Each structure stands twice: as structure tokens, then as C-alpha cells.
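As C-alpha cells, the structure follows; a few thoughts come after it.
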Amino acid sequence: MDIVNKSTVSEFILLGLSNSWELQMFFFIVFSLFYVVTMVGNSLIVITVIADSNLHSPMYFLLTNLSIIDMSLASFATPKMITDYLTGLKTISFDGCITQIFFLHLFTGTEIILLMAMSFDRYIAICKPLRYASIISPQVCVALVVASWAVGVMHSMSQVIFALTLSFCGSNKVDSFFCDLPVVFQLACIDHNVLGLFMISTSGIIALSCFIILFNSYVIVLVTIKHHSSGGSSKALSTCTAHFIVVFLFFGPCIFIYMWPLSNFLVDKILSVFYTIFAPILNPIIYTLRNQEVKTALRKLKKRFVNSNMAMPHHWFWF
């Protein structure tokens, strides 16, 4: 299908979070720190799971993929925002804006399905432990991850195709620090109520439905755990609590933004920071600080790294 873009806009201006120079410098320092910690923390999880055979299980396979998605989600807009604070340039081309929309919905859509897969994994592990190995096989794990990315691609393509059919006129100022449909749609020459219904039906209701399913699954898991008092149940409770914290802080902002796409932009900008900058950093913090297996594996990896450096010939460092 040949989609012709009737837009008269060649670039957009990203207004960012604030016009204050002092606040921009504050955001530059804070977001730069968050971005570095997100990338380093999630990379450590991926390396640790791959390096430690004790972590070669379905839960950690899914966790590794979650880390990869979180690094991707943190990278689609944050580096540009940090660079813009330094250069003072806040423009983005039309193609660049559409690209941001594509990757935003690709990574968020994929993460939503992957979080549901992780919830399914914990549900089977706790509620049907005797059948866990037969249900959650390596093939099933790979299929769940592939399905997550497939759904993410289909969802993002639907958003981009709709955006490319729009005609833009008037202002080219995007009241956010990245391009997303609710703010870009405000610049389109079309009834905003139609755009609002599109966002609610294709993103808001989907996010809300998935959250309700996840919430019910965790309630069932917690009720099951309540009937046990062993150390294993305590570990399961800790794991599920960590999962639900990530789910709530990721889904909450998404549901609000896409269920009420024409709401207050200041609130939307604050919530956008949560699921694009704060949420990706929660994965390494929650799963490393609350998970004894990961902490043990990290210590082993550190010891292996130190020992390898000590065994390295000193003349390698001579110039």
C-alpha cells in the first residue's frame, strides 16, 4: 500500500521538560547518571546470566530479555535529550520523529508481553510446580520471547502507519522531550477526538487489559504463597513482589497516558519520565538487590574477573 505523507512539516521542535537553564543542567546530570546506571546495570545482568550456568533457567532467560528491552527503551530518546541539553538544539526531523514513535511502541509493546510471560512463568512455578519443567520448556521460553517481539512489531507498525496518513499544519512544537503519538497528534489537522479514540483503542485498552490480567495472576500467586510458610515460599514471595513493583511502575504511566491521551501535558511529561527513564533502571536494582542468586553470581563473576587480571602477564601493560 502506498502511503503518501501530506505533511507540510519537515521537522519538529522538542520543548523538553523545562525552559529553565538551571533545571536543564539538573536534568542533564540526573538523566545522564540514570542512563549510565541503566546501561551498566542491565548489561551486568545479561553478562551474569550468560556466564553463570546456575542461572540458565526460564526465569533468568526472560529476565535477560527484559534487560535487553530496558536498555533499548532507555536508548530510543534519552541520549538525544541529554545531547540537546548540551548543544541547545532541540529539533528533530519528521523521519526522526516517526522513528522515535516506532521504537517507543516497539519496546513498550514487547515489554508488556514479556512481563506477561514472566508472570505466567511465576504462576506455573508456584501454583503448578510439579508440571513446571514440562510446561515451561526452553522451546516455550524462546516462543514467548519471539511472540513478544512479534506483537511489539505489529503494534508499533499500526501506530506508525496511522501517523503517516496524517496531515500536519500550524505549529511544529512538540510539548515533550521525545515524539509520541498523544503529543504529535495535537499538531495534526484532524479532529482530536478521533485521534483520542484511536489511542485509547490501540494502546490504552490494551495496556489496561494486560495490567488487569497481570494483577489477577499475581493475586492468585500471592494467595497460593500465603498457604505455605517454607523458606522457598518466602523466596517466591520476594520474587513476585519484585515483579509486581516493576509491572506497576511500568503500566501505571502507560495506562494514564494512553487512556487519557488529551489530558494535561505536564502530567504526561512527568509520567513519560517514569516509564522511559526510571522504569528501565528498576530492573537491575530490584533483581540484584532482592535476589540472592543474582548477587551470588555477581560475586562469582567479580572474583573470576579479579583472578583473571591477577594471572595476566605484567608485561602486557608495558608500553
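We name chains A, B, ... following the order of the C-alpha cells; residues begin at 1 in each chain, and ligands are numbered from 1 as shown.
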
- Task: For Ile92 in chain A, please output as a count of residues only all residues within 8 Å (counting only C-alpha atoms; exclusion window: fewer than 6 positions along the same chain).
- Result: 4

- Long-range neighbours of range 18-33 of chain A as a ChimeraX atom specification, 10 Å cut-off, only C-alpha atoms, 2 positions minimum in chain: /A:15-16,35-38,78-79,81-86,88,175-177,273,277-278

Atoms to include: C-alpha atoms. Write the selected residues as a PDB file, in the first residue's frame.
ATOM      1  CA  LEU A  15      10.164  21.677  24.004  1.00  0.00           C
ATOM      2  CA  GLY A  16      11.592  19.283  26.605  1.00  0.00           C
ATOM      3  CA  TYR A  35      21.244   6.342  31.716  1.00  0.00           C
ATOM      4  CA  VAL A  36      24.752   5.142  32.589  1.00  0.00           C
ATOM      5  CA  VAL A  37      23.469   3.132  35.566  1.00  0.00           C
ATOM      6  CA  THR A  38      20.686   1.639  33.432  1.00  0.00           C
ATOM      7  CA  THR A  78      17.319   9.673  26.340  1.00  0.00           C
ATOM      8  CA  PRO A  79      20.736  10.096  24.591  1.00  0.00           C
ATOM      9  CA  MET A  81      17.662  14.548  25.147  1.00  0.00           C
ATOM     10  CA  ILE A  82      20.984  14.598  27.033  1.00  0.00           C
ATOM     11  CA  THR A  83      22.794  15.832  23.909  1.00  0.00           C
ATOM     12  CA  ASP A  84      20.161  18.511  23.322  1.00  0.00           C
ATOM     13  CA  TYR A  85      20.745  19.899  26.812  1.00  0.00           C
ATOM     14  CA  LEU A  86      24.424  20.387  25.906  1.00  0.00           C
ATOM     15  CA  GLY A  88      20.813  23.674  22.853  1.00  0.00           C
ATOM     16  CA  ASP A 175       5.444  19.596  24.124  1.00  0.00           C
ATOM     17  CA  SER A 176       7.647  16.744  25.334  1.00  0.00           C
ATOM     18  CA  PHE A 177      11.266  15.572  25.269  1.00  0.00           C
ATOM     19  CA  VAL A 273       9.965  10.099  32.511  1.00  0.00           C
ATOM     20  CA  ILE A 277      13.965   6.634  32.223  1.00  0.00           C
ATOM     21  CA  PHE A 278      13.057   5.364  35.702  1.00  0.00           C
TER      22      PHE A 278
END

- Query: Which residue, A:Phe274, A:Tyr123, A:Phe61, A:Phe211, has the smallest gap to Leu73 in chain A when you use only C-alpha atoms?
  - Reply: A:Phe274

- Test item: residues at most 9 Å from Pro253 in chain A, only C-alpha atoms, excluding those fewer than 4 positions along its chain, as a list of chain:residue names: A:Phe248, A:Leu249, A:Ile257, A:Tyr258, A:Asp268, A:Ile270, A:Leu271, A:Ser272, A:Phe274, A:Tyr275

Selection export as an mmCIF file, in the first residue's frame, atoms kept: C-alpha atoms:
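Ended up saving to part_1.cif:
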data_model
loop_
_atom_site.group_PDB
_atom_site.id
_atom_site.type_symbol
_atom_site.label_atom_id
_atom_site.label_comp_id
_atom_site.auth_asym_id
_atom_site.auth_seq_id
_atom_site.Cartn_x
_atom_site.Cartn_y
_atom_site.Cartn_z
ATOM 1 C CA PHE A 248 3.029 -1.373 38.453
ATOM 2 C CA LEU A 249 5.593 1.367 37.785
ATOM 3 C CA ILE A 257 -1.141 8.495 29.140
ATOM 4 C CA TYR A 258 -2.947 6.299 26.603
ATOM 5 C CA ASP A 268 2.070 13.275 30.761
ATOM 6 C CA ILE A 270 6.293 13.550 34.234
ATOM 7 C CA LEU A 271 4.780 10.113 33.678
ATOM 8 C CA SER A 272 6.788 9.685 30.464
ATOM 9 C CA PHE A 274 8.846 7.214 34.717
ATOM 10 C CA TYR A 275 8.440 4.564 32.031
#

- CA of Ile212 in chain A and CA of Phe34 in chain A, how far apart in Å?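 So the two atoms, CA of Phe34 in chain A and CA of Ile212 in chain A, lie 29.5 Å apart.
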
- One decimal place gives the CA of Phe102 in chain A-CA of Val153 in chain A separation as 8.5 Å

- Å distance separating CA of Asp121 in chain A from CA of Pro58 in chain A, one decimal place: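 Going from CA of Asp121 in chain A over to CA of Pro58 in chain A, I get 7.6 Å.
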
- DSSP-assigned strand (DSSP E) members of range 37-197 of chain A, reported as a PyMOL selection string: chain A and resi 91-93+173-174

Residues as selected, all heavy atoms, written as an mmCIF file, in the first residue's frame, can you do that?
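Saved the output as out02.cif:
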data_model
loop_
_atom_site.group_PDB
_atom_site.id
_atom_site.type_symbol
_atom_site.label_atom_id
_atom_site.label_comp_id
_atom_site.auth_asym_id
_atom_site.auth_seq_id
_atom_site.Cartn_x
_atom_site.Cartn_y
_atom_site.Cartn_z
ATOM 1 N N THR A 91 15.669 20.347 17.827
ATOM 2 C CA THR A 91 14.879 19.971 16.657
ATOM 3 C C THR A 91 15.057 18.487 16.344
ATOM 4 O O THR A 91 16.072 17.884 16.677
ATOM 5 C CB THR A 91 15.299 20.798 15.430
ATOM 6 O OG1 THR A 91 16.691 20.578 15.163
ATOM 7 C CG2 THR A 91 15.052 22.281 15.671
ATOM 8 N N ILE A 92 14.045 17.936 15.704
ATOM 9 C CA ILE A 92 14.100 16.561 15.241
ATOM 10 C C ILE A 92 13.362 16.498 13.913
ATOM 11 O O ILE A 92 12.309 17.118 13.744
ATOM 12 C CB ILE A 92 13.470 15.587 16.270
ATOM 13 C CG1 ILE A 92 13.628 14.137 15.803
ATOM 14 C CG2 ILE A 92 12.011 15.916 16.537
ATOM 15 C CD1 ILE A 92 13.228 13.106 16.864
ATOM 16 N N SER A 93 13.931 15.807 12.942
ATOM 17 C CA SER A 93 13.310 15.714 11.623
ATOM 18 C C SER A 93 12.012 14.929 11.700
ATOM 19 O O SER A 93 11.766 14.185 12.665
ATOM 20 C CB SER A 93 14.271 15.040 10.632
ATOM 21 O OG SER A 93 14.480 13.682 11.011
ATOM 22 N N LYS A 173 5.750 22.522 17.275
ATOM 23 C CA LYS A 173 6.352 22.382 18.599
ATOM 24 C C LYS A 173 5.724 21.217 19.356
ATOM 25 O O LYS A 173 4.510 21.209 19.615
ATOM 26 C CB LYS A 173 6.188 23.675 19.402
ATOM 27 C CG LYS A 173 6.935 24.862 18.792
ATOM 28 C CD LYS A 173 6.742 26.121 19.619
ATOM 29 C CE LYS A 173 7.495 27.296 18.995
ATOM 30 N NZ LYS A 173 7.305 28.542 19.783
ATOM 31 N N VAL A 174 6.554 20.223 19.688
ATOM 32 C CA VAL A 174 6.109 19.039 20.427
ATOM 33 C C VAL A 174 6.374 19.275 21.911
ATOM 34 O O VAL A 174 7.527 19.449 22.321
ATOM 35 C CB VAL A 174 6.860 17.775 19.945
ATOM 36 C CG1 VAL A 174 6.465 16.564 20.780
ATOM 37 C CG2 VAL A 174 6.587 17.537 18.475
#

- Task: Mind listing the alpha helix (DSSP H) residues of range 1-126 of chain A, per DSSP on the backbone, as a PyMOL selection string?
- Result: chain A and resi 21-51+58-75+78-87+94-126

- Using only C-alpha atoms: which of A:Ile69, A:Ala163, A:Ile113, A:Ile281 has the shortest distance to Val184 in chain A: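 Among A:Ile69, A:Ala163, A:Ile113, A:Ile281, it is A:Ala163 that comes nearest to Val184 in chain A.
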
- Query: Looking at A:Asn172, A:Asn283, A:Ser67, A:Ser156, which one is nearest to Val246 in chain A, with distances taken over only C-alpha atoms?
  - Reply: A:Asn283

- Query: Between A:Lys80, A:Ser53, A:Ile45, A:Val306, which one has atoms that come closest to Cys179 in chain A, using only C-alpha atoms?
  - Reply: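 Ranking A:Lys80, A:Ser53, A:Ile45, A:Val306 by distance to Cys179 in chain A, first place goes to A:Lys80.
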